[in-house]
Amino acid sequence: MCGIIGYAGGDVDPVQTLLTGLSKLVYRGYDSTGLAVANSNIHVVKREDDLDALKRAVEEPFELTGTAGIGHTRWSTHGKPSDDNAHPHTDCKDRVAVVHNGIIENYQSLRDELRSVDHEFERETDTEVVPHLISHHFKENLSPKLAFRRAVEELEGSYAIAAIFEDRDEVMVTRRDSSLVLGVDDGGDVRGE
């Protein structure tokens, strides 16, 4: 079973927040894990294997900072377990990153349509179509929020999705027929909404 987590804002290190959140999701079973952090660009680290492999990868000598991030524990449904198929997935220019639980039933038709307008796909997952679709609408000079909404309107299936954009300190989320819990830190008191 998959699990997703997102974090935005505050003075807390998003990487450690995401890793802590992912550690609370591993009981659900998974075959790969990953995270993405947004600042002036998006940095993605993902690994087939357990959370310890991701933690070791995050400790490699590069700067992984930002104000918003998303994380994922994946149980393969589309595409074999691998570093490439692990979430998060990004668009062609690494301007948007997405994690997803569920099934995008019309991913193949969306993929074919996006390929016809020069989007390149490198993974075996249904999820990879989502950041490309958001990016496609983002090119129409829509705001990130409207591009996200427009893309979601085209998706068929059951899902929970979280997305981040470069240069934005927010996480955009949506769901259809899947659970999604949001927590808000109100001066140290975290509550669900």
# chains A, B, ... in the order shown; residues from 1 in each chain; ligands from 1
>>> residues_around(residues="Asp13 of chain A", least_positions_apart="4", cutoff="12 Å", atoms="only C-alpha atoms", output="compact mmCIF listing (two decimals) with N, CA and C atoms, in the first residue's frame")
# COMPACT_ATOMS: atom_id res chain seq x y z
N TYR A 7 4.70 18.73 2.81
CA TYR A 7 5.01 19.73 3.83
C TYR A 7 5.24 21.06 3.14
N ALA A 8 4.73 22.14 3.72
CA ALA A 8 4.95 23.48 3.16
C ALA A 8 5.06 24.49 4.29
N GLY A 9 5.99 25.43 4.11
CA GLY A 9 6.12 26.56 5.01
C GLY A 9 6.82 26.25 6.31
N THR A 17 11.34 16.54 7.98
CA THR A 17 9.90 16.40 8.19
C THR A 17 9.34 15.31 7.29
N LEU A 18 9.75 15.30 6.02
CA LEU A 18 9.27 14.28 5.09
C LEU A 18 9.76 12.89 5.49
N LEU A 19 11.04 12.78 5.86
CA LEU A 19 11.58 11.48 6.27
C LEU A 19 10.88 10.95 7.52
N THR A 20 10.60 11.84 8.46
CA THR A 20 9.87 11.43 9.67
C THR A 20 8.47 10.95 9.31
N VAL A 37 11.88 18.19 -3.09
CA VAL A 37 11.86 19.47 -2.37
C VAL A 37 11.94 20.58 -3.40
N LEU A 64 20.08 19.88 -0.26
CA LEU A 64 18.68 19.55 -0.47
C LEU A 64 17.87 20.41 0.50
N THR A 65 17.50 21.59 0.03
CA THR A 65 16.76 22.52 0.88
C THR A 65 15.56 23.07 0.12
N GLY A 66 14.65 23.62 0.84
CA GLY A 66 13.48 24.23 0.24
C GLY A 66 12.46 24.53 1.31
N THR A 67 11.32 25.04 0.89
CA THR A 67 10.25 25.37 1.82
C THR A 67 9.02 24.51 1.63
N ALA A 68 9.02 23.66 0.59
CA ALA A 68 7.90 22.75 0.35
C ALA A 68 8.45 21.43 -0.17
N GLY A 69 7.77 20.35 0.16
CA GLY A 69 8.22 19.05 -0.32
C GLY A 69 7.12 18.01 -0.24
>>> select_by_dssp(residues="chain A", states="strand (DSSP E)", output="JSON, numbers by chain")
{"A": [3, 4, 5, 6, 7, 8, 32, 33, 34, 35, 36, 37, 38, 42, 43, 44, 45, 46, 47, 48, 68, 69, 70, 71, 72, 73, 74, 89, 90, 96, 97, 98, 99, 100, 101, 102, 103, 104, 157, 158, 159, 160, 161, 162, 163, 164, 165, 172, 173, 174, 175, 176, 183, 184, 185, 186, 189, 190, 191, 192]}
>>> closest_residue(among="A:Arg56, A:Gly157, A:Val171, A:Ser116", to="Pro14 of chain A", atoms="only C-alpha atoms")
A:Val171
>>> closest_residue(among="A:Thr90, A:Ser135, A:Thr125, A:Thr73", to="Leu25 of chain A", atoms="only C-alpha atoms")
A:Thr73
>>> residues_around(residues="His43 of chain A", least_positions_apart="2", cutoff="12 Å", atoms="only C-alpha atoms", output="PyMOL selection string")
chain A and resi 15+34-41+45-46+58+62-71+88-90+93-97+164-167
>>> residues_around(residues="Ser82 of chain A", least_positions_apart="4", cutoff="10 Å", atoms="only C-alpha atoms", output="PyMOL selection string")
chain A and resi 31-33+46-49+76+86-87+123-124
>>> write_last_selection(atoms="all heavy atoms", output="mmCIF file, in the first residue's frame")
data_model
loop_
_atom_site.group_PDB
_atom_site.id
_atom_site.type_symbol
_atom_site.label_atom_id
_atom_site.label_comp_id
_atom_site.auth_asym_id
_atom_site.auth_seq_id
_atom_site.Cartn_x
_atom_site.Cartn_y
_atom_site.Cartn_z
ATOM 1 N N ASP A 31 7.736 -0.934 -1.738
ATOM 2 C CA ASP A 31 8.919 -1.464 -2.417
ATOM 3 C C ASP A 31 9.892 -0.379 -2.845
ATOM 4 O O ASP A 31 10.987 -0.658 -3.317
ATOM 5 C CB ASP A 31 8.535 -2.331 -3.616
ATOM 6 C CG ASP A 31 7.656 -1.608 -4.614
ATOM 7 O OD1 ASP A 31 7.889 -0.418 -4.890
ATOM 8 O OD2 ASP A 31 6.721 -2.247 -5.137
ATOM 9 N N SER A 32 9.502 0.882 -2.722
ATOM 10 C CA SER A 32 10.402 1.990 -3.031
ATOM 11 C C SER A 32 9.895 3.238 -2.326
ATOM 12 O O SER A 32 8.760 3.287 -1.865
ATOM 13 C CB SER A 32 10.491 2.222 -4.546
ATOM 14 O OG SER A 32 9.214 2.471 -5.088
ATOM 15 N N THR A 33 10.752 4.235 -2.259
ATOM 16 C CA THR A 33 10.407 5.466 -1.548
ATOM 17 C C THR A 33 11.154 6.641 -2.160
ATOM 18 O O THR A 33 12.178 6.461 -2.818
ATOM 19 C CB THR A 33 10.706 5.316 -0.033
ATOM 20 O OG1 THR A 33 10.223 6.457 0.656
ATOM 21 C CG2 THR A 33 12.168 5.114 0.234
ATOM 22 N N LYS A 46 15.071 9.408 -4.943
ATOM 23 C CA LYS A 46 14.177 8.256 -4.795
ATOM 24 C C LYS A 46 14.978 6.974 -4.938
ATOM 25 O O LYS A 46 15.988 6.932 -5.630
ATOM 26 C CB LYS A 46 13.027 8.321 -5.790
ATOM 27 C CG LYS A 46 13.423 8.551 -7.236
ATOM 28 C CD LYS A 46 12.194 8.850 -8.065
ATOM 29 C CE LYS A 46 12.521 8.947 -9.536
ATOM 30 N NZ LYS A 46 11.315 9.091 -10.340
ATOM 31 N N ARG A 47 14.509 5.951 -4.246
ATOM 32 C CA ARG A 47 15.223 4.681 -4.223
ATOM 33 C C ARG A 47 14.259 3.506 -4.185
ATOM 34 O O ARG A 47 13.272 3.518 -3.453
ATOM 35 C CB ARG A 47 16.135 4.577 -2.991
ATOM 36 C CG ARG A 47 17.307 5.531 -2.979
ATOM 37 C CD ARG A 47 18.304 5.185 -4.075
ATOM 38 N NE ARG A 47 19.463 6.049 -4.061
ATOM 39 C CZ ARG A 47 19.581 7.172 -4.765
ATOM 40 N NH1 ARG A 47 18.598 7.595 -5.520
ATOM 41 N NH2 ARG A 47 20.691 7.875 -4.702
ATOM 42 N N GLU A 48 14.580 2.493 -4.995
ATOM 43 C CA GLU A 48 13.962 1.194 -4.811
ATOM 44 C C GLU A 48 14.578 0.659 -3.522
ATOM 45 O O GLU A 48 15.760 0.841 -3.289
ATOM 46 C CB GLU A 48 14.303 0.258 -5.966
ATOM 47 C CG GLU A 48 13.815 -1.145 -5.750
ATOM 48 C CD GLU A 48 14.364 -2.149 -6.750
ATOM 49 O OE1 GLU A 48 15.168 -1.781 -7.607
ATOM 50 O OE2 GLU A 48 13.977 -3.311 -6.627
ATOM 51 N N ASP A 49 13.833 0.040 -2.700
ATOM 52 C CA ASP A 49 14.351 -0.514 -1.461
ATOM 53 C C ASP A 49 13.667 0.166 -0.285
ATOM 54 O O ASP A 49 12.639 0.815 -0.442
ATOM 55 C CB ASP A 49 15.868 -0.383 -1.354
ATOM 56 C CG ASP A 49 16.492 -1.477 -0.478
ATOM 57 O OD1 ASP A 49 15.749 -2.295 0.084
ATOM 58 O OD2 ASP A 49 17.718 -1.492 -0.348
ATOM 59 N N SER A 76 4.250 -1.160 -5.984
ATOM 60 C CA SER A 76 4.120 -1.156 -7.444
ATOM 61 C C SER A 76 2.793 -1.719 -7.939
ATOM 62 O O SER A 76 2.381 -2.799 -7.539
ATOM 63 C CB SER A 76 5.232 -1.987 -8.069
ATOM 64 O OG SER A 76 6.477 -1.487 -7.689
ATOM 65 N N ALA A 86 10.089 4.707 -8.937
ATOM 66 C CA ALA A 86 9.726 5.258 -7.625
ATOM 67 C C ALA A 86 9.207 6.685 -7.798
ATOM 68 O O ALA A 86 9.563 7.385 -8.740
ATOM 69 C CB ALA A 86 10.945 5.243 -6.700
ATOM 70 N N HIS A 87 8.351 7.100 -6.895
ATOM 71 C CA HIS A 87 7.831 8.475 -6.909
ATOM 72 C C HIS A 87 8.741 9.344 -6.053
ATOM 73 O O HIS A 87 9.391 8.822 -5.163
ATOM 74 C CB HIS A 87 6.444 8.513 -6.283
ATOM 75 C CG HIS A 87 5.407 7.740 -7.028
ATOM 76 N ND1 HIS A 87 4.080 8.032 -6.933
ATOM 77 C CD2 HIS A 87 5.478 6.678 -7.860
ATOM 78 C CE1 HIS A 87 3.375 7.188 -7.666
ATOM 79 N NE2 HIS A 87 4.217 6.349 -8.231
ATOM 80 N N ARG A 123 9.277 6.495 -17.768
ATOM 81 C CA ARG A 123 8.931 5.551 -16.715
ATOM 82 C C ARG A 123 7.805 4.629 -17.172
ATOM 83 O O ARG A 123 7.172 4.864 -18.190
ATOM 84 C CB ARG A 123 8.494 6.290 -15.443
ATOM 85 C CG ARG A 123 9.348 7.484 -15.057
ATOM 86 C CD ARG A 123 10.737 7.093 -14.590
ATOM 87 N NE ARG A 123 11.468 8.275 -14.160
ATOM 88 C CZ ARG A 123 12.521 8.768 -14.782
ATOM 89 N NH1 ARG A 123 12.970 8.213 -15.880
ATOM 90 N NH2 ARG A 123 13.141 9.825 -14.318
ATOM 91 N N GLU A 124 7.527 3.623 -16.354
ATOM 92 C CA GLU A 124 6.477 2.654 -16.665
ATOM 93 C C GLU A 124 5.217 2.886 -15.846
ATOM 94 O O GLU A 124 4.340 2.037 -15.828
ATOM 95 C CB GLU A 124 7.002 1.237 -16.369
ATOM 96 C CG GLU A 124 8.222 0.852 -17.156
ATOM 97 C CD GLU A 124 8.837 -0.459 -16.669
ATOM 98 O OE1 GLU A 124 8.548 -0.889 -15.525
ATOM 99 O OE2 GLU A 124 9.601 -1.049 -17.442
#
>>> atom_distance(atom1="atom CA of His72 of chain A", atom2="atom CA of Glu140 of chain A")
28.8 Å
>>> closest_residue(among="A:Asn85, A:Asn101, A:Ser23, A:Gln16", to="Arg176 of chain A", atoms="only C-alpha atoms")
A:Asn101
>>> select_by_dssp(residues="chain A", states="helix (DSSP H, G or I)", output="PyMOL selection string")
chain A and resi 14-23+26-28+51-58+107-115+129-138+144-154
